[in-house]
Each structure stands twice: as structure tokens, then as C-alpha cells.
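Colleague: Below you'll find entry01.cif; it's mmCIF, C-alpha atoms and all ligand atoms; chains and numbers go by the auth columns.
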```cif
data_start
loop_
_atom_site.group_PDB
_atom_site.id
_atom_site.type_symbol
_atom_site.label_atom_id
_atom_site.label_comp_id
_atom_site.label_asym_id
_atom_site.label_seq_id
_atom_site.Cartn_x
_atom_site.Cartn_y
_atom_site.Cartn_z
_atom_site.B_iso_or_equiv
_atom_site.auth_seq_id
_atom_site.auth_asym_id
ATOM 1 C CA MET A 1 20.443 6.929 -82.429 0.00 1 A
ATOM 2 C CA LEU A 2 16.770 6.196 -82.747 0.00 2 A
ATOM 3 C CA ALA A 3 17.060 3.437 -80.148 0.00 3 A
ATOM 4 C CA ILE A 4 18.747 5.809 -77.720 0.00 4 A
ATOM 5 C CA PHE A 5 16.020 8.344 -78.250 0.00 5 A
ATOM 6 C CA PHE A 6 13.319 5.823 -77.396 0.00 6 A
ATOM 7 C CA VAL A 7 15.144 4.631 -74.289 0.00 7 A
ATOM 8 C CA CYS A 8 15.422 8.196 -73.045 0.00 8 A
ATOM 9 C CA PHE A 9 11.831 8.844 -73.866 0.00 9 A
ATOM 10 C CA CYS A 10 10.667 5.846 -71.825 0.00 10 A
ATOM 11 C CA LEU A 11 12.823 6.789 -68.852 0.00 11 A
ATOM 12 C CA GLY A 12 11.445 10.294 -69.025 0.00 12 A
ATOM 13 C CA THR A 13 7.919 8.986 -68.992 0.00 13 A
ATOM 14 C CA ASN A 14 8.603 6.930 -65.886 0.00 14 A
ATOM 15 C CA VAL A 15 10.276 9.764 -64.049 0.00 15 A
ATOM 16 C CA TYR A 16 7.375 12.061 -64.784 0.00 16 A
ATOM 17 C CA ALA A 17 4.628 9.573 -63.958 0.00 17 A
ATOM 18 C CA GLY A 18 1.479 11.577 -63.394 0.00 18 A
ATOM 19 C CA VAL A 19 2.484 14.130 -66.029 0.00 19 A
ATOM 20 C CA ILE A 20 1.068 13.894 -69.527 0.00 20 A
ATOM 21 C CA ALA A 21 3.916 12.758 -71.790 0.00 21 A
ATOM 22 C CA THR A 22 4.570 14.802 -74.910 0.00 22 A
ATOM 23 C CA THR A 23 3.527 13.062 -78.079 0.00 23 A
ATOM 24 C CA SER A 24 6.138 15.026 -79.942 0.00 24 A
ATOM 25 C CA THR A 25 6.110 12.564 -82.829 0.00 25 A
ATOM 26 C CA THR A 26 2.537 13.528 -83.646 0.00 26 A
ATOM 27 C CA ILE A 27 2.402 17.157 -82.572 0.00 27 A
ATOM 28 C CA GLY A 28 5.737 18.329 -84.009 0.00 28 A
ATOM 29 C CA PRO A 29 5.056 17.750 -87.709 0.00 29 A
ATOM 30 C CA VAL A 30 1.495 19.096 -87.444 0.00 30 A
ATOM 31 C CA ASP A 31 2.846 22.314 -86.012 0.00 31 A
ATOM 32 C CA THR A 32 5.257 23.010 -88.844 0.00 32 A
ATOM 33 C CA THR A 33 2.580 22.458 -91.490 0.00 33 A
ATOM 34 C CA THR A 34 -0.028 24.616 -89.789 0.00 34 A
ATOM 35 C CA THR A 35 2.223 27.558 -88.994 0.00 35 A
ATOM 36 C CA SER A 36 3.572 27.713 -92.526 0.00 36 A
ATOM 37 C CA ASP A 37 0.172 28.219 -94.180 0.00 37 A
ATOM 38 C CA SER A 38 -1.722 31.442 -94.373 0.00 38 A
ATOM 39 C CA PHE A 39 -4.388 31.184 -91.695 0.00 39 A
ATOM 40 C CA ASP A 40 -5.084 34.728 -90.510 0.00 40 A
ATOM 41 C CA GLU A 41 -6.868 34.703 -87.173 0.00 41 A
ATOM 42 C CA ASP A 42 -7.829 38.391 -87.205 0.00 42 A
ATOM 43 C CA ALA A 43 -9.195 38.125 -90.723 0.00 43 A
ATOM 44 C CA GLU A 44 -11.245 35.076 -89.711 0.00 44 A
ATOM 45 C CA LEU A 45 -12.651 36.892 -86.671 0.00 45 A
ATOM 46 C CA LYS A 46 -13.490 39.890 -88.840 0.00 46 A
ATOM 47 C CA LYS A 47 -15.390 37.636 -91.240 0.00 47 A
ATOM 48 C CA ILE A 48 -17.467 36.323 -88.332 0.00 48 A
ATOM 49 C CA ALA A 49 -18.088 39.865 -87.039 0.00 49 A
ATOM 50 C CA GLU A 50 -19.335 40.936 -90.470 0.00 50 A
ATOM 51 C CA THR A 51 -21.591 37.960 -91.109 0.00 51 A
ATOM 52 C CA CYS A 52 -25.252 38.480 -91.814 0.00 52 A
ATOM 53 C CA PHE A 53 -26.682 35.863 -89.454 0.00 53 A
ATOM 54 C CA THR A 54 -30.353 35.613 -90.304 0.00 54 A
ATOM 55 C CA TYR A 55 -33.384 34.319 -88.450 0.00 55 A
ATOM 56 C CA THR A 56 -33.228 31.274 -90.694 0.00 56 A
ATOM 57 C CA ASN A 57 -29.675 30.713 -89.505 0.00 57 A
ATOM 58 C CA TYR A 58 -30.858 30.878 -85.893 0.00 58 A
ATOM 59 C CA GLU A 59 -33.558 28.359 -86.733 0.00 59 A
ATOM 60 C CA GLU A 60 -31.003 25.983 -88.222 0.00 60 A
ATOM 61 C CA LEU A 61 -28.609 26.546 -85.302 0.00 61 A
ATOM 62 C CA SER A 62 -31.324 25.364 -82.914 0.00 62 A
ATOM 63 C CA GLY A 63 -32.203 22.362 -85.067 0.00 63 A
ATOM 64 C CA TYR A 64 -35.466 23.843 -86.439 0.00 64 A
ATOM 65 C CA THR A 65 -37.177 23.113 -83.125 0.00 65 A
ATOM 66 C CA VAL A 66 -38.637 26.624 -82.744 0.00 66 A
ATOM 67 C CA ARG A 67 -39.182 29.531 -85.090 0.00 67 A
ATOM 68 C CA ARG A 68 -37.807 33.017 -85.555 0.00 68 A
ATOM 69 C CA PHE A 69 -38.200 34.854 -82.261 0.00 69 A
ATOM 70 C CA TYR A 70 -37.765 31.816 -80.058 0.00 70 A
ATOM 71 C CA ALA A 71 -34.936 30.651 -82.294 0.00 71 A
ATOM 72 C CA LEU A 72 -33.238 34.016 -81.847 0.00 72 A
ATOM 73 C CA ASP A 73 -33.531 33.894 -78.047 0.00 73 A
ATOM 74 C CA LEU A 74 -32.431 30.303 -77.868 0.00 74 A
ATOM 75 C CA GLY A 75 -29.715 30.808 -80.456 0.00 75 A
ATOM 76 C CA ARG A 76 -28.000 33.671 -78.677 0.00 76 A
ATOM 77 C CA PHE A 77 -27.617 31.487 -75.631 0.00 77 A
ATOM 78 C CA LEU A 78 -26.808 28.385 -77.650 0.00 78 A
ATOM 79 C CA ILE A 79 -24.016 30.071 -79.612 0.00 79 A
ATOM 80 C CA ARG A 80 -22.207 30.987 -76.417 0.00 80 A
ATOM 81 C CA GLU A 81 -22.447 27.499 -74.963 0.00 81 A
ATOM 82 C CA SER A 82 -21.490 25.939 -78.297 0.00 82 A
ATOM 83 C CA VAL A 83 -18.366 28.114 -78.566 0.00 83 A
ATOM 84 C CA GLU A 84 -17.420 27.084 -75.031 0.00 84 A
ATOM 85 C CA ALA A 85 -18.042 23.441 -75.826 0.00 85 A
ATOM 86 C CA ILE A 86 -15.876 23.628 -78.960 0.00 86 A
ATOM 87 C CA GLY A 87 -13.080 25.252 -76.947 0.00 87 A
ATOM 88 C CA VAL A 88 -13.215 22.591 -74.255 0.00 88 A
ATOM 89 C CA ILE A 89 -13.255 19.765 -76.812 0.00 89 A
ATOM 90 C CA GLU A 90 -10.154 21.207 -78.497 0.00 90 A
ATOM 91 C CA LEU A 91 -8.484 21.764 -75.135 0.00 91 A
ATOM 92 C CA ARG A 92 -8.988 18.133 -74.137 0.00 92 A
ATOM 93 C CA THR A 93 -7.850 16.915 -77.539 0.00 93 A
ATOM 94 C CA MET A 94 -4.636 18.934 -77.369 0.00 94 A
ATOM 95 C CA LEU A 95 -3.946 17.522 -73.895 0.00 95 A
ATOM 96 C CA ASN A 96 -4.608 13.934 -75.029 0.00 96 A
ATOM 97 C CA LEU A 97 -7.468 13.643 -72.562 0.00 97 A
ATOM 98 C CA GLU A 98 -10.689 11.756 -73.098 0.00 98 A
ATOM 99 C CA PRO A 99 -13.493 13.643 -74.847 0.00 99 A
ATOM 100 C CA THR A 100 -15.877 15.728 -72.742 0.00 100 A
ATOM 101 C CA PRO A 101 -18.114 13.372 -70.725 0.00 101 A
ATOM 102 C CA PRO A 102 -21.915 13.633 -71.017 0.00 102 A
ATOM 103 C CA TRP A 103 -23.575 16.366 -68.980 0.00 103 A
ATOM 104 C CA LYS A 104 -23.761 15.799 -65.234 0.00 104 A
ATOM 105 C CA PRO A 105 -25.831 17.474 -62.514 0.00 105 A
ATOM 106 C CA TRP A 106 -24.458 20.935 -61.754 0.00 106 A
ATOM 107 C CA ASN A 107 -22.036 21.135 -58.857 0.00 107 A
ATOM 108 C CA ASN A 108 -22.300 24.622 -57.425 0.00 108 A
ATOM 109 C CA THR A 109 -19.118 24.341 -55.351 0.00 109 A
ATOM 110 C CA ASP A 110 -15.918 25.640 -56.883 0.00 110 A
ATOM 111 C CA PRO A 111 -12.891 23.507 -56.100 0.00 111 A
ATOM 112 C CA SER A 112 -10.873 24.903 -53.193 0.00 112 A
ATOM 113 C CA GLU A 113 -7.110 25.410 -53.156 0.00 113 A
ATOM 114 C CA SER A 114 -6.752 22.264 -51.089 0.00 114 A
ATOM 115 C CA ASP A 115 -8.910 20.288 -53.577 0.00 115 A
ATOM 116 C CA LEU A 116 -6.501 21.421 -56.300 0.00 116 A
ATOM 117 C CA GLU A 117 -3.425 20.641 -54.245 0.00 117 A
ATOM 118 C CA SER A 118 -4.643 17.184 -53.414 0.00 118 A
ATOM 119 C CA ALA A 119 -5.627 16.232 -56.969 0.00 119 A
ATOM 120 C CA ALA A 120 -3.960 12.850 -57.414 0.00 120 A
ATOM 121 C CA THR A 121 -3.246 13.048 -61.140 0.00 121 A
ATOM 122 C CA ILE A 122 -2.767 15.714 -63.756 0.00 122 A
ATOM 123 C CA GLN A 123 -6.072 14.657 -65.316 0.00 123 A
ATOM 124 C CA ALA A 124 -7.842 15.114 -61.963 0.00 124 A
ATOM 125 C CA TYR A 125 -6.251 18.546 -61.665 0.00 125 A
ATOM 126 C CA TYR A 126 -7.399 19.454 -65.171 0.00 126 A
ATOM 127 C CA GLU A 127 -10.919 18.281 -64.466 0.00 127 A
ATOM 128 C CA LEU A 128 -11.131 20.486 -61.388 0.00 128 A
ATOM 129 C CA LYS A 129 -9.953 23.507 -63.402 0.00 129 A
ATOM 130 C CA GLU A 130 -11.803 22.887 -66.653 0.00 130 A
ATOM 131 C CA PRO A 131 -13.993 25.824 -67.707 0.00 131 A
ATOM 132 C CA ARG A 132 -17.518 24.830 -66.763 0.00 132 A
ATOM 133 C CA SER A 133 -20.999 26.280 -66.912 0.00 133 A
ATOM 134 C CA ASN A 134 -24.319 25.275 -65.425 0.00 134 A
ATOM 135 C CA ALA A 135 -25.713 25.750 -68.927 0.00 135 A
ATOM 136 C CA ARG A 136 -23.653 22.712 -69.914 0.00 136 A
ATOM 137 C CA SER A 137 -25.043 20.545 -67.138 0.00 137 A
ATOM 138 C CA LEU A 138 -28.224 18.559 -66.533 0.00 138 A
ATOM 139 C CA ASP A 139 -29.483 21.582 -64.598 0.00 139 A
ATOM 140 C CA ASN A 140 -29.735 23.704 -67.721 0.00 140 A
ATOM 141 C CA LYS A 141 -33.292 25.070 -67.651 0.00 141 A
ATOM 142 C CA PHE A 142 -33.332 26.236 -71.290 0.00 142 A
ATOM 143 C CA PHE A 143 -32.123 23.506 -73.618 0.00 143 A
ATOM 144 C CA TYR A 144 -30.958 19.904 -73.822 0.00 144 A
ATOM 145 C CA GLU A 145 -27.522 18.486 -74.470 0.00 145 A
ATOM 146 C CA HIS A 146 -28.674 17.439 -77.953 0.00 146 A
ATOM 147 C CA ASN A 147 -29.550 21.082 -78.719 0.00 147 A
ATOM 148 C CA LYS A 148 -25.986 22.004 -77.828 0.00 148 A
ATOM 149 C CA ALA A 149 -24.709 19.218 -80.106 0.00 149 A
ATOM 150 C CA THR A 150 -26.775 20.678 -82.957 0.00 150 A
ATOM 151 C CA GLY A 151 -25.386 24.134 -82.175 0.00 151 A
ATOM 152 C CA VAL A 152 -21.807 22.848 -82.239 0.00 152 A
ATOM 153 C CA ALA A 153 -22.401 21.065 -85.557 0.00 153 A
ATOM 154 C CA TYR A 154 -23.887 24.207 -87.076 0.00 154 A
ATOM 155 C CA LEU A 155 -21.030 26.429 -85.880 0.00 155 A
ATOM 156 C CA ASP A 156 -18.504 23.925 -87.238 0.00 156 A
ATOM 157 C CA LYS A 157 -20.208 24.097 -90.602 0.00 157 A
ATOM 158 C CA ARG A 158 -20.805 27.852 -90.687 0.00 158 A
ATOM 159 C CA PHE A 159 -17.692 29.077 -88.869 0.00 159 A
ATOM 160 C CA PRO A 160 -15.051 26.332 -88.985 0.00 160 A
ATOM 161 C CA ALA A 161 -12.532 29.057 -88.066 0.00 161 A
ATOM 162 C CA ILE A 162 -13.756 29.022 -84.449 0.00 162 A
ATOM 163 C CA ARG A 163 -12.522 25.476 -83.836 0.00 163 A
ATOM 164 C CA GLU A 164 -9.438 26.177 -85.901 0.00 164 A
ATOM 165 C CA ILE A 165 -8.484 29.244 -83.860 0.00 165 A
ATOM 166 C CA PHE A 166 -8.811 27.311 -80.593 0.00 166 A
ATOM 167 C CA ARG A 167 -6.820 24.427 -82.036 0.00 167 A
ATOM 168 C CA ARG A 168 -3.995 26.573 -83.376 0.00 168 A
ATOM 169 C CA ARG A 169 -3.655 28.622 -80.196 0.00 169 A
ATOM 170 C CA PHE A 170 -3.650 25.517 -77.991 0.00 170 A
ATOM 171 C CA GLU A 171 -1.139 23.881 -80.281 0.00 171 A
ATOM 172 C CA LYS A 172 1.213 26.848 -80.008 0.00 172 A
ATOM 173 C CA VAL A 173 1.193 26.639 -76.212 0.00 173 A
ATOM 174 C CA ARG A 174 1.322 22.848 -76.228 0.00 174 A
ATOM 175 C CA VAL A 175 4.428 22.585 -78.404 0.00 175 A
ATOM 176 C CA SER A 176 6.225 25.128 -76.248 0.00 176 A
ATOM 177 C CA MET A 177 6.267 22.641 -73.371 0.00 177 A
ATOM 178 C CA GLU A 178 7.952 19.282 -73.222 0.00 178 A
ATOM 179 C CA LEU A 179 5.635 17.809 -70.610 0.00 179 A
ATOM 180 C CA VAL A 180 2.406 19.277 -69.374 0.00 180 A
ATOM 181 C CA ASP A 181 2.457 19.847 -65.625 0.00 181 A
ATOM 182 C CA ARG A 182 -0.006 21.847 -63.529 0.00 182 A
ATOM 183 C CA LYS A 183 1.420 25.157 -64.706 0.00 183 A
ATOM 184 C CA GLY A 184 1.076 23.910 -68.250 0.00 184 A
ATOM 185 C CA ILE A 185 -2.606 23.116 -67.642 0.00 185 A
ATOM 186 C CA ASP A 186 -3.062 26.619 -66.226 0.00 186 A
ATOM 187 C CA ARG A 187 -1.462 28.152 -69.322 0.00 187 A
ATOM 188 C CA MET A 188 -3.683 26.125 -71.632 0.00 188 A
ATOM 189 C CA ILE A 189 -6.766 27.220 -69.689 0.00 189 A
ATOM 190 C CA GLU A 190 -5.681 30.884 -69.788 0.00 190 A
ATOM 191 C CA THR A 191 -5.349 30.493 -73.540 0.00 191 A
ATOM 192 C CA TYR A 192 -8.859 29.075 -73.642 0.00 192 A
ATOM 193 C CA TYR A 193 -10.259 32.203 -71.953 0.00 193 A
ATOM 194 C CA LYS A 194 -8.338 34.530 -74.272 0.00 194 A
ATOM 195 C CA VAL A 195 -9.578 32.795 -77.404 0.00 195 A
ATOM 196 C CA TYR A 196 -13.096 32.508 -76.023 0.00 196 A
ATOM 197 C CA GLY A 197 -13.057 36.272 -75.366 0.00 197 A
ATOM 198 C CA SER A 198 -11.976 37.190 -78.875 0.00 198 A
ATOM 199 C CA VAL A 199 -14.437 34.794 -80.534 0.00 199 A
ATOM 200 C CA MET A 200 -17.302 36.120 -78.417 0.00 200 A
ATOM 201 C CA ASP A 201 -16.316 39.722 -79.243 0.00 201 A
ATOM 202 C CA ALA A 202 -16.635 38.857 -82.925 0.00 202 A
ATOM 203 C CA ILE A 203 -19.994 37.207 -82.298 0.00 203 A
ATOM 204 C CA ALA A 204 -21.251 40.201 -80.301 0.00 204 A
ATOM 205 C CA LYS A 205 -20.404 42.398 -83.308 0.00 205 A
ATOM 206 C CA MET A 206 -22.180 39.965 -85.608 0.00 206 A
ATOM 207 C CA GLN A 207 -25.265 40.246 -83.376 0.00 207 A
ATOM 208 C CA ASP A 208 -25.199 44.033 -83.116 0.00 208 A
ATOM 209 C CA TRP A 209 -28.716 44.894 -84.168 0.00 209 A
ATOM 210 C CA LYS A 210 -28.136 48.137 -86.105 0.00 210 A
ATOM 211 C CA LYS A 211 -25.168 46.795 -87.991 0.00 211 A
ATOM 212 C CA TYR A 212 -27.062 43.589 -88.600 0.00 212 A
ATOM 213 C CA ARG A 213 -29.866 45.433 -90.377 0.00 213 A
ATOM 214 C CA MET A 214 -27.465 47.289 -92.629 0.00 214 A
ATOM 215 C CA ARG A 215 -25.423 44.234 -93.416 0.00 215 A
ATOM 216 C CA CYS A 216 -28.378 41.986 -94.067 0.00 216 A
ATOM 217 C CA LEU A 217 -30.236 44.477 -96.222 0.00 217 A
ATOM 218 C CA ASP A 218 -27.349 44.307 -98.613 0.00 218 A
ATOM 219 C CA SER A 219 -27.002 40.592 -98.768 0.00 219 A
ATOM 220 C CA CYS A 220 -30.518 39.223 -98.572 0.00 220 A
ATOM 221 C CA ASN A 221 -34.077 40.251 -99.231 0.00 221 A
ATOM 222 C CA LEU A 222 -36.435 41.704 -96.636 0.00 222 A
ATOM 223 C CA TYR A 223 -37.699 38.296 -95.591 0.00 223 A
ATOM 224 C CA CYS A 224 -34.609 37.683 -93.573 0.00 224 A
ATOM 225 C CA ILE A 225 -35.102 40.780 -91.452 0.00 225 A
ATOM 226 C CA VAL A 226 -38.316 40.076 -89.560 0.00 226 A
HETATM 227 C C1 LIG B . -18.570 19.304 -56.007 0.00 301 B
HETATM 228 O O1 LIG B . -17.325 19.959 -56.185 0.00 301 B
HETATM 229 C C2 LIG B . -16.512 19.997 -55.024 0.00 301 B
HETATM 230 C C3 LIG B . -15.290 20.816 -55.369 0.00 301 B
HETATM 231 O O2 LIG B . -14.621 20.306 -56.490 0.00 301 B
HETATM 232 C C4 LIG B . -16.169 18.581 -54.578 0.00 301 B
HETATM 233 O O3 LIG B . -15.398 18.630 -53.419 0.00 301 B
HETATM 234 C C5 LIG B . -17.455 17.799 -54.331 0.00 301 B
HETATM 235 O O4 LIG B . -17.152 16.456 -54.045 0.00 301 B
HETATM 236 C C6 LIG B . -18.359 17.872 -55.567 0.00 301 B
HETATM 237 N N1 LIG B . -19.642 17.251 -55.267 0.00 301 B
HETATM 238 C C7 LIG B . -20.170 16.283 -56.023 0.00 301 B
HETATM 239 C C8 LIG B . -21.499 15.793 -55.599 0.00 301 B
HETATM 240 O O5 LIG B . -19.610 15.838 -57.011 0.00 301 B
#
```
Re-express the file's structure as C-alpha cells.
Modeller:
Amino acid sequence: MLAIFFVCFCLGTNVYAGVIATTSTTIGPVDTTTTSDSFDEDAELKKIAETCFTYTNYEELSGYTVRRFYALDLGRFLIRESVEAIGVIELRTMLNLEPTPPWKPWNNTDPSESDLESAATIQAYYELKEPRSNARSLDNKFFYEHNKATGVAYLDKRFPAIREIFRRRFEKVRVSMELVDRKGIDRMIETYYKVYGSVMDAIAKMQDWKKYRMRCLDSCNLYCIV
């Protein structure tokens, strides 16, 4: 039985050359364990929204390169790019693609329909459609790639739920398809934008100035206000 399964699997892979083969042996079991536990996405987002994120936290987020006011300005920008970077890393991982390459010069031209149509492989198609930003390119005028890396590491430590939400949502879509074709890539990318939107809503609430003052007065002394 097992032998038959593997034969079929190999034939399938050949037929669908150019389509990412399902690694059902690795993804299947992971899915059943993760969906059976009690991860509550809304509760996790609420926790982020209600966090007292202090100036000191902004300083740490930006790698203690600048202080308070600069750290706040930099940090607001850095959080957004770090959330995007985490989403894209998880997206590539779930699609079995190589990790995000180092930053490149910004290409201001969006791929045309004919660029997409003529993409030779599914990976090439993905790369044309991957969410991108000139803030995650060598043309970023505000911070370096290593600042972004520090931001990602801090978010992973402070809000591991962000990566987890992306991962779980991608996994749900991924296991619903046998093989990932272009439509599958599009669905994964739509999922990316949905998750990105809900994470950034939570972060916008966390950064709401009036609520921030009330929240932080409760949980820390005046030094963390200004
Ligand atoms: C920029 O992107 C367009 C559209 O994807 C592509 O046709 C072009 O070759 C790219 N230019 C460079 C320099 O990579």
C-alpha cells in the first residue's frame, strides 16, 4: 500500500512539474496538532492592542541606536516593516521556497499581466507577486536591513503571536490544497494581506496615544511616559 502511494506521488510530481508538490507527510501532522490546541487569534490580537509599549521598548526595538523621540519615530516605521517581513518569511516557509533574499535596489515597476503570464515557474510567479515595499529595499532612506532584523527579533520576542498567526493562517490555506498552482499562490497572498491588516489594526490600537497614557500609567511609573 505504502509502495503504491509513493509511486502515485512520484507520478503526480512529474505530471505537475512546475507546481510546488505538497509535502503532505510534513504538513499534515503539524496541522492536526496545531488546530487541536487552544490558540485564540482574537485574544492574541487583543493582548497586542492593550500592550503598554514604552519608549524603552521602542529603544530596544531599534537596537538602542537612538533614544526616546527618535526611537519612537523610527520604531513606528520599523514595526510595520518588521510585521511585513515576518509575514513574508512565513509565507515563503509555508510554500517551501527559499528564505527572503537580502535587500535589493528598489524596482519601481510593478509586474504587468504579461510578465505574470510569462513567468516560467511557480517560484518566478510568486516572486513577481510577493508583497514588497521600498522600505525593504536598498533604497530605504530611513534605516538599514540590520535595523529591520533587530526589529523582527524584538517582535518575535515580545509578540510571538504575530508570527504564529501568520503561520497558522497560511497553514490552513496550504493544507486545503493538494498542489500549489498560481491560484493557490494568489490565495496565500490574499491571506497575507488579511492577516497583515488585522495585526496592524492591533498595533495601531496599541499606539493610540490617549489610550497609551492611560494604560501605561497603570502599569509603569511616570518615567516611561516622557
Ligand atoms: C523591474 O520589474 C519589472 C516588472 O517585474 C521587470 O520587467 C524588470 O526587469 C525589473 N527591472 C530590474 C532592473 O530588475
Colleague: Quick check on the file I pasted: which residues fall under the PyMOL selection byres (((chain A and resi 162) around 10) and not hetatm)? Write them as a short mmCIF file (atom, residue, chain, number, x, y, z; two decimals) with C-alpha atoms, in the frame of the given file.
Modeller:
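File produced: out_21.cif:
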```
data_model
loop_
_atom_site.label_atom_id
_atom_site.label_comp_id
_atom_site.auth_asym_id
_atom_site.auth_seq_id
_atom_site.Cartn_x
_atom_site.Cartn_y
_atom_site.Cartn_z
CA GLU A 41 -6.87 34.70 -87.17
CA GLU A 44 -11.24 35.08 -89.71
CA LEU A 45 -12.65 36.89 -86.67
CA ILE A 48 -17.47 36.32 -88.33
CA VAL A 83 -18.37 28.11 -78.57
CA ILE A 86 -15.88 23.63 -78.96
CA GLY A 87 -13.08 25.25 -76.95
CA LEU A 155 -21.03 26.43 -85.88
CA ASP A 156 -18.50 23.92 -87.24
CA ARG A 158 -20.80 27.85 -90.69
CA PHE A 159 -17.69 29.08 -88.87
CA PRO A 160 -15.05 26.33 -88.98
CA ALA A 161 -12.53 29.06 -88.07
CA ARG A 163 -12.52 25.48 -83.84
CA GLU A 164 -9.44 26.18 -85.90
CA ILE A 165 -8.48 29.24 -83.86
CA PHE A 166 -8.81 27.31 -80.59
CA ARG A 167 -6.82 24.43 -82.04
CA VAL A 195 -9.58 32.80 -77.40
CA TYR A 196 -13.10 32.51 -76.02
CA VAL A 199 -14.44 34.79 -80.53
CA MET A 200 -17.30 36.12 -78.42
#
```
Colleague: In Å, with one decimal, what is the gap from CA of Ala49 (chain A) to CA of Gln207 (chain A)?
Modeller: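 We find that CA of Ala49 (chain A) and CA of Gln207 (chain A) lie 8.1 Å from each other.
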Colleague: Name the residues that the PyMOL selection byres (((not hetatm)) within 12 of (chain B and resi 301)) pulls out of this structure, and write them as a PyMOL selection string.
Modeller: chain A and resi 104-119+124-130+132
Colleague: Region 108-202 of chain A near region 57-79 of chain A within 7 Å: what's each residue's closest atom pair and its distance in Å to one decimal, counting all atoms listed in the file, ordered by chain then ascending residue number, as JSON lines?
Modeller:
```
{"residue": "A:Asn147", "atom": "CA", "partner": "A:Ser62", "partner_atom": "CA", "distance": 6.3}
{"residue": "A:Lys148", "atom": "CA", "partner": "A:Leu78", "partner_atom": "CA", "distance": 6.4}
{"residue": "A:Thr150", "atom": "CA", "partner": "A:Gly63", "partner_atom": "CA", "distance": 6.1}
{"residue": "A:Gly151", "atom": "CA", "partner": "A:Leu61", "partner_atom": "CA", "distance": 5.1}
{"residue": "A:Tyr154", "atom": "CA", "partner": "A:Leu61", "partner_atom": "CA", "distance": 5.6}
```
Colleague: Could you turn the residues from that selection into a file that holds C-alpha atoms, as a PDB file, keeping the file's coordinate frame?
Modeller:
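Here's the written file selection-v2.pdb:
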```
ATOM      1  CA  ASN A 147     -29.550  21.082 -78.719  1.00  0.00           C
ATOM      2  CA  LYS A 148     -25.986  22.004 -77.828  1.00  0.00           C
ATOM      3  CA  THR A 150     -26.775  20.678 -82.957  1.00  0.00           C
ATOM      4  CA  GLY A 151     -25.386  24.134 -82.175  1.00  0.00           C
ATOM      5  CA  TYR A 154     -23.887  24.207 -87.076  1.00  0.00           C
TER       6      TYR A 154
END
```
Colleague: Between A:Asp186, A:Asp40, A:Glu50, A:Glu98, which residue has the minimum interatomic distance to Ala202 (chain A), considering all atoms listed in the file?
Modeller: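 Closest candidate: A:Glu50.
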